[in-house]
$ cat upload21.txt   # compact mmCIF, C-alpha atoms (C1' of nucleotides)
# COMPACT_ATOMS: atom_id res chain seq x y z
CA MET A 3 99.97 74.90 89.90
CA ARG A 4 97.06 73.10 91.60
CA ARG A 5 93.56 74.60 91.54
CA ASN A 6 91.55 73.07 94.36
CA PRO A 7 90.06 76.23 95.90
CA GLU A 8 89.23 74.80 99.33
CA ARG A 9 92.76 73.58 99.72
CA ARG A 10 94.16 76.91 98.65
CA GLN A 11 91.92 78.58 101.24
CA THR A 12 93.12 76.17 103.90
CA LEU A 13 96.71 76.92 103.01
CA ILE A 14 96.20 80.68 103.09
CA ASP A 15 94.48 80.51 106.45
CA ALA A 16 97.32 78.37 107.72
CA ALA A 17 99.73 80.97 106.38
CA ILE A 18 97.99 83.63 108.48
CA GLU A 19 98.57 81.57 111.59
CA VAL A 20 102.18 81.01 110.65
CA LEU A 21 102.67 84.74 110.16
CA ALA A 22 101.28 85.49 113.59
CA LYS A 23 103.29 82.77 115.27
CA GLU A 24 106.60 82.87 113.46
CA GLY A 25 106.75 86.27 111.81
CA ALA A 26 107.14 87.15 108.16
CA ARG A 27 110.48 85.54 107.73
CA GLY A 28 109.11 82.32 109.18
CA LEU A 29 106.47 82.11 106.49
CA THR A 30 107.89 79.32 104.36
CA PHE A 31 106.19 76.70 102.22
CA ARG A 32 107.17 74.03 104.65
CA ALA A 33 105.83 75.93 107.65
CA VAL A 34 102.51 76.41 105.87
CA ASP A 35 102.39 72.71 105.04
CA ALA A 36 102.99 71.82 108.65
CA GLU A 37 100.42 74.31 110.00
CA ALA A 38 97.78 73.14 107.53
CA ALA A 39 98.65 69.52 108.29
CA VAL A 40 99.13 68.63 104.65
CA PRO A 41 102.06 66.73 103.17
CA PRO A 42 105.29 68.66 102.68
CA GLY A 43 105.52 70.11 99.20
CA THR A 44 101.82 70.95 98.96
CA ALA A 45 102.25 74.70 99.34
CA SER A 46 104.90 74.60 96.66
CA ASN A 47 102.23 73.33 94.31
CA TYR A 48 99.81 76.13 95.13
CA PHE A 49 102.02 79.18 95.09
CA ALA A 50 104.59 80.09 92.48
CA ASN A 51 107.03 81.46 95.07
CA ARG A 52 107.10 83.19 98.43
CA ASP A 53 106.23 86.52 96.91
CA ASP A 54 103.09 85.01 95.45
CA LEU A 55 102.24 83.52 98.81
CA PHE A 56 102.61 86.88 100.54
CA THR A 57 100.48 88.62 97.98
CA GLN A 58 97.68 86.08 98.19
CA VAL A 59 97.68 86.26 101.95
CA GLY A 60 97.61 90.04 101.72
CA GLY A 61 94.49 89.81 99.59
CA ARG A 62 92.75 87.43 101.94
CA ILE A 63 93.66 88.67 105.38
CA TYR A 64 91.60 91.78 105.06
CA GLU A 65 88.46 89.85 104.20
CA ARG A 66 88.80 87.92 107.39
CA LEU A 67 89.27 91.01 109.50
CA LEU A 68 86.25 92.85 108.17
CA PRO A 69 82.90 92.20 109.81
CA ASP A 70 80.57 89.81 108.06
CA GLU A 71 77.36 90.89 106.34
CA ALA A 72 75.18 90.24 109.37
CA THR A 73 77.35 92.39 111.60
CA ILE A 74 77.34 95.21 109.08
CA ALA A 75 73.56 95.04 108.74
CA ARG A 76 73.15 95.07 112.50
CA SER A 77 75.44 98.08 112.80
CA ARG A 78 73.07 100.14 110.66
CA GLU A 79 70.04 99.42 112.76
CA GLY A 80 68.71 101.60 115.54
CA VAL A 81 69.33 105.21 116.32
CA GLN A 82 72.61 106.53 115.01
CA ASP A 83 73.87 108.68 117.82
CA GLN A 84 77.15 109.03 119.59
CA THR A 85 76.36 106.41 122.20
CA ARG A 86 75.57 103.91 119.53
CA TYR A 87 78.73 104.82 117.69
CA ALA A 88 80.82 104.21 120.79
CA GLU A 89 79.11 100.85 121.21
CA LEU A 90 80.09 99.87 117.68
CA MET A 91 83.67 100.90 118.27
CA HIS A 92 83.84 98.76 121.40
CA GLU A 93 82.55 95.88 119.33
CA LEU A 94 85.14 96.58 116.68
CA VAL A 95 88.00 96.53 119.13
CA HIS A 96 86.77 93.26 120.55
CA ARG A 97 86.17 91.63 117.22
CA VAL A 98 89.60 92.48 115.92
CA SER A 99 91.31 91.62 119.17
CA ALA A 100 89.52 88.30 119.18
CA PHE A 101 90.94 87.35 115.82
CA ASN A 102 94.27 87.86 117.42
CA SER A 103 96.43 86.06 114.90
CA GLY A 104 94.73 87.83 112.01
CA TYR A 105 95.65 91.24 113.28
CA LEU A 106 99.18 90.24 114.17
CA ALA A 107 99.54 88.71 110.71
CA LEU A 108 98.41 91.98 109.16
CA LEU A 109 101.06 93.83 111.11
CA GLU A 110 103.67 91.38 109.94
CA LEU A 111 102.49 91.91 106.40
CA ARG A 112 102.74 95.68 106.80
CA LEU A 113 106.33 95.36 107.89
CA GLU A 114 107.09 92.88 105.15
CA SER A 115 105.56 95.22 102.62
CA THR A 116 108.48 97.59 103.13
CA ARG A 117 110.45 94.91 101.27
CA ARG A 118 107.81 93.71 98.76
CA PRO A 119 106.33 96.32 96.41
CA GLU A 120 103.63 93.98 95.13
CA LEU A 121 102.41 93.25 98.63
CA ARG A 122 102.52 96.95 99.44
CA ALA A 123 100.31 97.70 96.47
CA VAL A 124 97.75 95.10 97.53
CA LEU A 125 97.63 96.33 101.12
CA THR A 126 97.52 99.99 100.17
CA LYS A 127 94.55 99.41 97.90
CA ARG A 128 92.61 97.40 100.47
CA ILE A 129 93.19 99.73 103.34
CA ARG A 130 92.51 102.88 101.38
CA GLU A 131 89.22 101.33 100.27
CA ASP A 132 88.34 100.46 103.83
CA ILE A 133 89.01 103.95 105.08
CA ASP A 134 86.97 105.47 102.28
CA ALA A 135 84.11 103.06 102.95
CA ASN A 136 84.13 104.02 106.61
CA ILE A 137 84.05 107.69 105.76
CA GLY A 138 81.21 107.10 103.33
CA HIS A 139 79.24 105.12 105.84
CA HIS A 140 79.77 107.70 108.50
CA THR A 141 78.69 110.56 106.28
CA ALA A 142 75.57 108.70 105.20
CA SER A 143 74.63 107.81 108.77
CA GLY A 144 74.01 111.41 109.73
CA LEU A 145 76.22 111.16 112.78
CA PRO A 146 78.02 114.27 113.96
CA GLY A 147 81.63 114.57 112.89
CA ASP A 148 83.42 114.77 109.57
CA SER A 149 85.88 112.66 107.59
CA THR A 150 88.67 113.81 109.87
CA SER A 151 86.76 112.34 112.78
CA VAL A 152 86.69 108.97 111.08
CA MET A 153 90.38 109.04 110.33
CA LEU A 154 91.34 110.08 113.83
CA LEU A 155 89.28 107.25 115.22
CA TYR A 156 90.90 104.89 112.76
CA LEU A 157 94.33 105.99 113.95
CA ALA A 158 93.63 105.80 117.66
CA LEU A 159 91.81 102.48 117.59
CA ASN A 160 94.44 100.82 115.45
CA TRP A 161 97.20 101.66 117.85
CA LEU A 162 95.02 100.73 120.79
CA ILE A 163 94.68 97.28 119.32
CA VAL A 164 98.41 97.06 118.66
CA GLU A 165 99.06 98.02 122.24
CA ARG A 166 96.66 95.46 123.56
CA LEU A 167 97.94 92.64 121.40
CA THR A 168 101.66 93.23 121.70
CA LEU A 169 102.09 94.69 125.20
CA PRO A 170 98.88 93.88 127.07
CA ASP A 171 100.16 95.23 130.38
CA ILE A 172 100.46 98.83 129.18
CA PHE A 173 96.75 99.57 129.49
CA THR A 174 94.19 97.80 131.65
CA GLU A 175 90.89 96.65 130.17
CA GLN A 176 89.29 99.52 132.05
CA GLU A 177 91.64 102.06 130.51
CA ILE A 178 91.06 100.63 127.05
CA HIS A 179 87.35 100.96 127.52
CA GLU A 180 87.67 104.56 128.60
CA LEU A 181 90.04 105.38 125.80
CA VAL A 182 87.60 104.08 123.21
CA ASP A 183 84.86 106.24 124.71
CA ALA A 184 87.09 109.28 124.84
CA ALA A 185 88.33 108.70 121.30
CA VAL A 186 84.78 108.61 119.97
CA GLN A 187 83.67 111.62 121.94
CA ARG A 188 86.59 113.86 121.15
CA SER A 189 87.11 112.92 117.55
CA LEU A 190 83.47 113.69 116.77
CA ASN A 191 83.84 117.02 118.50
CA THR A 192 84.54 119.23 115.50
CA MET B 5 131.66 87.02 126.90
CA ARG B 6 133.59 90.08 125.69
CA ARG B 7 133.20 93.41 127.51
CA ASN B 8 134.31 96.20 125.19
CA PRO B 9 131.40 98.63 125.59
CA GLU B 10 131.88 100.62 122.37
CA ARG B 11 131.90 97.46 120.36
CA ARG B 12 128.80 96.22 122.11
CA GLN B 13 127.11 99.53 121.28
CA THR B 14 128.14 99.22 117.66
CA LEU B 15 126.73 95.72 117.52
CA ILE B 16 123.42 96.75 119.09
CA ASP B 17 123.03 99.65 116.69
CA ALA B 18 123.78 97.30 113.83
CA ALA B 19 121.15 94.94 115.22
CA ILE B 20 118.58 97.76 115.01
CA GLU B 21 119.34 98.20 111.33
CA VAL B 22 119.12 94.47 110.75
CA LEU B 23 115.74 94.36 112.50
CA ALA B 24 114.39 97.11 110.27
CA LYS B 25 115.78 95.58 107.11
CA GLU B 26 115.32 91.87 107.64
CA GLY B 27 112.69 91.54 110.34
CA ALA B 28 112.91 89.86 113.70
CA ARG B 29 113.59 86.43 112.37
CA GLY B 30 116.43 87.80 110.29
CA LEU B 31 118.19 89.07 113.39
CA THR B 32 121.00 86.53 113.64
CA PHE B 33 124.50 86.81 115.00
CA ARG B 34 125.92 86.55 111.52
CA ALA B 35 123.65 89.26 110.14
CA VAL B 36 124.68 91.58 112.96
CA ASP B 37 128.34 90.83 112.26
CA ALA B 38 127.85 91.67 108.61
CA GLU B 39 125.91 94.88 109.29
CA ALA B 40 128.47 96.07 111.83
CA ALA B 41 131.28 95.09 109.46
CA VAL B 42 133.07 93.03 112.07
CA PRO B 43 134.43 89.52 111.60
CA PRO B 44 131.91 86.69 111.68
CA GLY B 45 131.60 85.23 115.14
CA THR B 46 131.96 88.57 116.93
CA ALA B 47 128.30 88.89 117.96
CA SER B 48 128.47 85.36 119.33
CA ASN B 49 131.10 86.63 121.72
CA TYR B 50 129.00 89.54 122.94
CA PHE B 51 125.60 87.99 123.47
CA ALA B 52 124.85 84.74 125.22
CA ASN B 53 122.10 83.82 122.75
CA ARG B 54 119.48 85.39 120.52
CA ASP B 55 117.17 86.05 123.44
CA ASP B 56 119.89 88.06 125.12
CA LEU B 57 120.46 89.99 121.91
CA PHE B 58 116.76 90.85 121.62
CA THR B 59 116.56 91.99 125.20
CA GLN B 60 119.60 94.23 124.94
CA VAL B 61 118.29 95.78 121.75
CA GLY B 62 114.94 96.32 123.46
CA GLY B 63 116.69 98.23 126.21
CA ARG B 64 118.61 100.43 123.81
CA ILE B 65 116.16 101.16 121.03
CA TYR B 66 114.00 103.38 123.16
CA GLU B 67 116.91 105.60 124.14
CA ARG B 68 117.61 106.27 120.52
CA LEU B 69 114.00 107.13 119.73
CA LEU B 70 113.58 109.63 122.53
CA PRO B 71 114.61 113.22 121.88
CA ASP B 72 117.98 114.29 123.19
CA GLU B 73 118.41 116.70 126.10
CA ALA B 74 118.69 119.77 123.88
CA THR B 75 115.45 118.99 122.12
CA ILE B 76 113.65 118.44 125.40
CA ALA B 77 114.97 121.71 126.81
CA ARG B 78 113.91 123.55 123.68
CA SER B 79 110.44 122.05 123.87
CA ARG B 80 109.89 123.67 127.27
CA GLU B 81 110.75 127.15 126.10
CA GLY B 82 108.31 129.77 124.94
CA VAL B 83 104.61 130.04 125.45
CA GLN B 84 102.89 126.75 126.09
CA ASP B 85 99.73 127.02 124.12
CA GLN B 86 97.93 124.77 121.71
CA THR B 87 99.74 126.14 118.65
CA ARG B 88 103.06 125.44 120.26
CA TYR B 89 101.90 121.98 121.21
CA ALA B 90 100.92 121.20 117.65
CA GLU B 91 104.31 122.41 116.51
CA LEU B 92 106.00 120.01 118.88
CA MET B 93 103.88 117.14 117.66
CA HIS B 94 104.82 117.87 114.06
CA GLU B 95 108.43 117.82 115.15
CA LEU B 96 107.88 114.54 116.92
CA VAL B 97 106.36 112.88 113.88
CA HIS B 98 109.24 114.08 111.75
CA ARG B 99 111.92 113.08 114.19
CA VAL B 100 110.58 109.58 114.61
CA SER B 101 109.90 109.18 110.92
CA ALA B 102 113.41 110.34 110.17
CA PHE B 103 114.92 107.59 112.30
CA ASN B 104 113.02 105.25 110.08
CA SER B 105 114.84 102.06 110.89
CA GLY B 106 114.58 102.73 114.61
CA TYR B 107 110.83 102.88 114.55
CA LEU B 108 110.49 99.88 112.28
CA ALA B 109 112.84 97.97 114.55
CA LEU B 110 110.67 98.85 117.52
CA LEU B 111 107.64 97.49 115.72
CA GLU B 112 109.50 94.30 114.95
CA LEU B 113 110.44 94.05 118.59
CA ARG B 114 106.83 94.51 119.65
CA LEU B 115 105.77 91.65 117.45
CA GLU B 116 108.67 89.53 118.61
CA SER B 117 107.74 90.25 122.20
CA THR B 118 104.61 88.14 121.77
CA ARG B 119 107.08 85.23 121.72
CA ARG B 120 109.68 86.46 124.23
CA PRO B 121 108.44 87.25 127.74
CA GLU B 122 111.72 88.86 128.79
CA LEU B 123 111.64 91.25 125.87
CA ARG B 124 108.01 92.02 126.58
CA ALA B 125 108.86 92.95 130.15
CA VAL B 126 111.61 95.31 129.01
CA LEU B 127 109.44 97.02 126.44
CA THR B 128 106.42 97.29 128.72
CA LYS B 129 108.48 99.01 131.38
CA ARG B 130 110.07 101.48 128.97
CA ILE B 131 106.90 102.43 127.23
CA ARG B 132 104.84 102.76 130.35
CA GLU B 133 107.51 105.07 131.75
CA ASP B 134 107.47 107.14 128.59
CA ILE B 135 103.70 107.55 128.66
CA ASP B 136 103.77 108.54 132.32
CA ALA B 137 106.55 111.03 131.66
CA ASN B 138 104.55 112.57 128.87
CA ILE B 139 101.49 112.87 131.06
CA GLY B 140 103.58 114.42 133.81
CA HIS B 141 105.16 116.90 131.48
CA HIS B 142 101.84 117.84 130.01
CA THR B 143 100.23 118.39 133.38
CA ALA B 144 103.14 120.52 134.55
CA SER B 145 103.11 122.64 131.40
CA GLY B 146 99.73 124.13 132.16
CA LEU B 147 98.39 123.27 128.74
CA PRO B 148 94.69 122.56 128.37
CA GLY B 149 93.74 118.89 128.29
CA ASP B 150 94.06 116.01 130.71
CA SER B 151 95.90 112.69 130.83
CA THR B 152 93.36 111.20 128.44
CA SER B 153 94.35 113.86 125.93
CA VAL B 154 97.94 112.77 126.12
CA MET B 155 97.06 109.13 125.67
CA LEU B 156 94.77 109.79 122.73
CA LEU B 157 97.50 111.77 121.06
CA TYR B 158 99.94 108.97 121.77
CA LEU B 159 97.60 106.49 120.11
CA ALA B 160 96.83 108.55 117.03
CA LEU B 161 100.38 109.69 116.36
CA ASN B 162 101.82 106.23 116.77
CA TRP B 163 99.54 104.79 114.15
CA LEU B 164 100.08 107.77 111.91
CA ILE B 165 103.78 106.99 111.95
CA VAL B 166 103.11 103.32 111.28
CA GLU B 167 100.97 104.26 108.34
CA ARG B 168 103.54 106.59 106.94
CA LEU B 169 106.42 104.15 107.31
CA THR B 170 104.73 100.99 106.13
CA LEU B 171 102.21 102.18 103.53
CA PRO B 172 103.28 105.70 102.59
CA ASP B 173 100.66 106.03 99.86
CA ILE B 174 97.68 105.83 102.20
CA PHE B 175 97.95 109.42 103.37
CA THR B 176 99.62 112.33 101.60
CA GLU B 177 102.04 114.57 103.45
CA GLN B 178 99.33 117.19 103.44
CA GLU B 179 96.82 114.82 105.04
CA ILE B 180 99.35 113.79 107.65
CA HIS B 181 99.95 117.39 108.54
CA GLU B 182 96.25 118.06 108.89
CA LEU B 183 95.71 114.92 110.92
CA VAL B 184 98.37 115.94 113.40
CA ASP B 185 96.73 119.34 113.80
CA ALA B 186 93.31 117.82 114.18
CA ALA B 187 94.57 115.23 116.64
CA VAL B 188 96.06 117.91 118.86
CA GLN B 189 93.04 120.13 118.65
CA ARG B 190 90.41 117.50 119.31
CA SER B 191 92.25 115.49 121.91
CA LEU B 192 92.80 118.60 124.00
CA ASN B 193 89.15 119.44 123.68
CA THR B 194 87.84 117.96 126.94
C1' DA C 1 80.23 48.15 82.68
C1' DA C 2 85.02 48.68 81.37
C1' DC C 3 88.49 51.82 80.15
C1' DG C 4 91.18 55.98 79.62
C1' DT C 5 92.42 60.47 81.07
C1' DA C 6 93.10 64.53 83.80
C1' DG C 7 93.83 66.53 87.92
C1' DT C 8 95.37 66.12 92.36
C1' DA C 9 97.44 64.03 96.71
C1' DC C 10 101.31 62.20 98.47
C1' DT C 11 106.31 60.72 98.85
C1' DA C 12 111.03 61.07 98.28
C1' DC C 13 115.16 63.04 97.05
C1' DA C 14 118.84 66.26 95.36
C1' DG C 15 120.94 70.43 95.94
C1' DG C 16 121.79 74.40 98.31
C1' DT C 17 121.97 77.98 101.97
C1' DG C 18 123.01 79.82 106.10
C1' DG C 19 123.67 79.89 110.90
C1' DA C 20 125.50 78.32 115.67
C1' DG C 21 129.22 77.40 118.26
C1' DT C 22 133.98 76.83 119.23
C1' DG C 23 138.91 76.49 119.25
C1' DG C 24 143.08 78.46 117.80
C1' DT C 25 146.21 82.25 116.65
C1' DG C 26 147.69 86.88 116.54
C1' DT C 27 148.00 91.44 118.87
C1' DC C 28 148.26 94.91 122.26
C1' DA C 29 148.68 96.84 126.73
C1' DA C 30 149.33 96.62 131.59
C1' DT D 13 154.53 87.57 131.04
C1' DT D 14 149.76 87.48 131.19
C1' DG D 15 145.09 88.49 130.14
C1' DA D 16 141.59 90.27 127.28
C1' DC D 17 140.14 90.75 122.97
C1' DA D 18 140.09 90.72 117.65
C1' DC D 19 140.14 87.85 114.03
C1' DC D 20 139.84 83.56 111.39
C1' DA D 21 138.61 78.91 110.14
C1' DC D 22 136.19 74.88 110.45
C1' DT D 23 132.51 71.54 111.66
C1' DC D 24 127.99 70.31 112.51
C1' DC D 25 123.33 70.89 111.76
C1' DA D 26 118.74 72.52 110.62
C1' DC D 27 115.92 73.77 107.17
C1' DC D 28 114.16 75.15 102.71
C1' DT D 29 113.21 74.92 97.66
C1' DG D 30 112.04 72.66 93.56
C1' DT D 31 110.86 68.75 91.25
C1' DA D 32 110.31 64.05 89.69
C1' DG D 33 107.71 60.17 90.28
C1' DT D 34 103.90 57.31 92.01
C1' DA D 35 99.23 56.50 93.69
C1' DC D 36 94.57 57.71 93.91
C1' DT D 37 90.00 59.42 92.47
C1' DA D 38 86.45 61.24 89.61
C1' DC D 39 84.60 61.74 85.45
C1' DG D 40 83.64 61.19 80.67
C1' DT D 41 83.70 57.99 76.71
C1' DT D 42 82.56 54.06 74.20
$ encode --input "upload21.txt" --output "structure tokens"
Amino acid sequence: MRRNPERRQTLIDAAIEVLAKEGARGLTFRAVDAEAAVPPGTASNYFANRDDLFTQVGGRIYERLLPDEATIARSREGVQDQTRYAELMHELVHRVSAFNSGYLALLELRLESTRRPELRAVLTKRIREDIDANIGHHTASGLPGDSTSVMLLYLALNWLIVERLTLPDIFTEQEIHELVDAAVQRSLNT
Amino acid sequence: MRRNPERRQTLIDAAIEVLAKEGARGLTFRAVDAEAAVPPGTASNYFANRDDLFTQVGGRIYERLLPDEATIARSREGVQDQTRYAELMHELVHRVSAFNSGYLALLELRLESTRRPELRAVLTKRIREDIDANIGHHTASGLPGDSTSVMLLYLALNWLIVERLTLPDIFTEQEIHELVDAAVQRSLNT
DNA sequence: AACGTAGTACTACAGGTGGAGTGGTGTCAA
DNA sequence: TTGACACCACTCCACCTGTAGTACTACGTT
């Protein structure tokens, strides 16, 4: 098992692209090698087996989907009212949609996790933490709405992103924009 | 190309199970043969190629996810108020969750459709029609809420089902129940 | 400065799996 | 008798894993 951390990172990021492009079943050592443009056999040296590869990707993917420190800091500035909240949600949808392959890879991982208990455990932990953090942040911000509001928004926005990424012709950009606004407004409306 | 329609049906239904179990990439002629318990080579005789197989499954899967006539008729009986609406949504979540493999297969198809334009066209058409039908039905029923309400509910419930099927430990049954209620209540709240 | 060692990159190969496609034979019904 | 279909068998091929072996590089030792 090799230890070069940059190379491992490169391989995991390549694996994310492979997942998005080829699907979970297409995630093989050789495919990762090819995507990362390293010699065949390299991924074999960095991951014990496919299960290990899936689990490591599951741990990393979420980091790449979350906003960076600067974005988080910026999100806490200014007045915290509903308009501002809607703005942040628009940003969120764009940010996630922009890292297209990352979100598709996460979906692939979710589906794969129905077959891999270890992966399921990793994803469950990460996502539960994220939801709780969002609820905590929301509560602290003094915005109207309760924890249910946060979860409803989480639900609606997630599927909105799925819709946009997988079947982009279902909703127009305009409709997506309006749906985000409506989701914020109505979910906060306790 | 063989024409026996019952056998074709059997093969397509088997393909749905394969999709749910093995993922999109695992949907091969041989896997369908095995799942349908027919001799190897049979699926080859019924579908021109994998693309054809995907497209035909895409056309069929939605029929199996929609409620049957009796259920639809029943849903239009009685008073049409918010309580009744919530009841129907609980039923919906259960029905779809119960046909577990069908919903997972649809998710696999969505992801696969990022690679197969023909499949994407089929799915887009079906789903758009379903949304429009739901909006139409809602408007005709005289319930409070507008078309945005219907779409917000569509978004939230879809992801709720995803969550439940892929990472069942994120939300408890109790939380799911409450989220459905809250989703109905707040989305109708114009 | 020369040498040895450890860790890693790269290459090559052996062994195995599984799927596509097709042609041939048997069977049944019109 | 003929046509459509079920069933079976076989060939070709693509691809993947795991690993052994070689080359390279950096670093520490003397």
$ residues_around --input "upload21.txt" --residues "Ala185 in chain A" --least-positions-apart "2" --cutoff "9 Å" --atoms "only C-alpha atoms (C1' of nucleotides)" --output "mmCIF file with C-alpha atoms, in the frame of the given file"
data_model
loop_
_atom_site.group_PDB
_atom_site.id
_atom_site.type_symbol
_atom_site.label_atom_id
_atom_site.label_comp_id
_atom_site.auth_asym_id
_atom_site.auth_seq_id
_atom_site.Cartn_x
_atom_site.Cartn_y
_atom_site.Cartn_z
ATOM 1 C CA ALA A 88 80.820 104.210 120.790
ATOM 2 C CA LEU A 154 91.340 110.080 113.830
ATOM 3 C CA LEU A 155 89.280 107.250 115.220
ATOM 4 C CA ALA A 158 93.630 105.800 117.660
ATOM 5 C CA LEU A 159 91.810 102.480 117.590
ATOM 6 C CA GLU A 180 87.670 104.560 128.600
ATOM 7 C CA LEU A 181 90.040 105.380 125.800
ATOM 8 C CA VAL A 182 87.600 104.080 123.210
ATOM 9 C CA ASP A 183 84.860 106.240 124.710
ATOM 10 C CA GLN A 187 83.670 111.620 121.940
ATOM 11 C CA ARG A 188 86.590 113.860 121.150
ATOM 12 C CA SER A 189 87.110 112.920 117.550
ATOM 13 C CA LEU A 190 83.470 113.690 116.770
ATOM 14 C CA LEU B 156 94.770 109.790 122.730
ATOM 15 C CA SER B 191 92.250 115.490 121.910
#
$ interface_residues --input "upload21.txt" --of "chain D" --to "chain B" --cutoff "12 Å" --atoms "all atoms listed in the file" --output "NGL selection string"
:D and (16-21)
$ closest_residue --input "upload21.txt" --among "D:DT41, D:DA35, D:DC22, D:DG30" --to "DG15 in chain C" --atoms "only C-alpha atoms (C1' of nucleotides)"
D:DG30
$ closest_residue --input "upload21.txt" --among "C:DA20, C:DA12, C:DT25, C:DC3" --to "chain A" --atoms "all atoms listed in the file"
C:DA12
$ interface_residues --input "upload21.txt" --of "chain A" --to "chain B" --cutoff "9 Å" --atoms "only C-alpha atoms" --output "PyMOL selection string"
chain A and resi 22-28+106+109-110+112-117+122-123+125-127+129-130+150-151+153-162+164-165+167-173+180-181+184-185+188-192
$ closest_residue --input "upload21.txt" --among "A:Val20, A:Val186, A:Met3, A:Ala38" --to "chain C" --atoms "all atoms listed in the file"
A:Met3
$ atom_distance --input "upload21.txt" --atom1 "CA of Arg76 in chain A" --atom2 "CA of Ser149 in chain A"
22.3 Å
$ atom_distance --input "upload21.txt" --atom1 "CA of His92 in chain A" --atom2 "CA of His139 in chain A"
17.4 Å
$ interface_residues --input "upload21.txt" --of "chain C" --to "chain A" --cutoff "12 Å" --atoms "all atoms listed in the file" --output "ChimeraX atom specification"
/C:7-12
$ atom_distance --input "upload21.txt" --atom1 "CA of Ala144 in chain B" --atom2 "CA of Val97 in chain B"
22.3 Å
$ closest_residue --input "upload21.txt" --among "B:Arg99, B:His181, B:Arg54, B:His142" --to "Val154 in chain B" --atoms "all atoms listed in the file"
B:His142
$ residues_near_point --input "upload21.txt" --point "(87.4, 60.9, 77.7)" --cutoff "9 Å" --atoms "all atoms listed in the file" --output "mmCIF file with C-alpha atoms (C1' of nucleotides), keeping the file's coordinate frame"
data_model
loop_
_atom_site.group_PDB
_atom_site.id
_atom_site.type_symbol
_atom_site.label_atom_id
_atom_site.label_comp_id
_atom_site.auth_asym_id
_atom_site.auth_seq_id
_atom_site.Cartn_x
_atom_site.Cartn_y
_atom_site.Cartn_z
ATOM 1 C "C1'" DG C 4 91.180 55.980 79.620
ATOM 2 C "C1'" DT C 5 92.420 60.470 81.070
ATOM 3 C "C1'" DC D 39 84.600 61.740 85.450
ATOM 4 C "C1'" DG D 40 83.640 61.190 80.670
ATOM 5 C "C1'" DT D 41 83.700 57.990 76.710
#
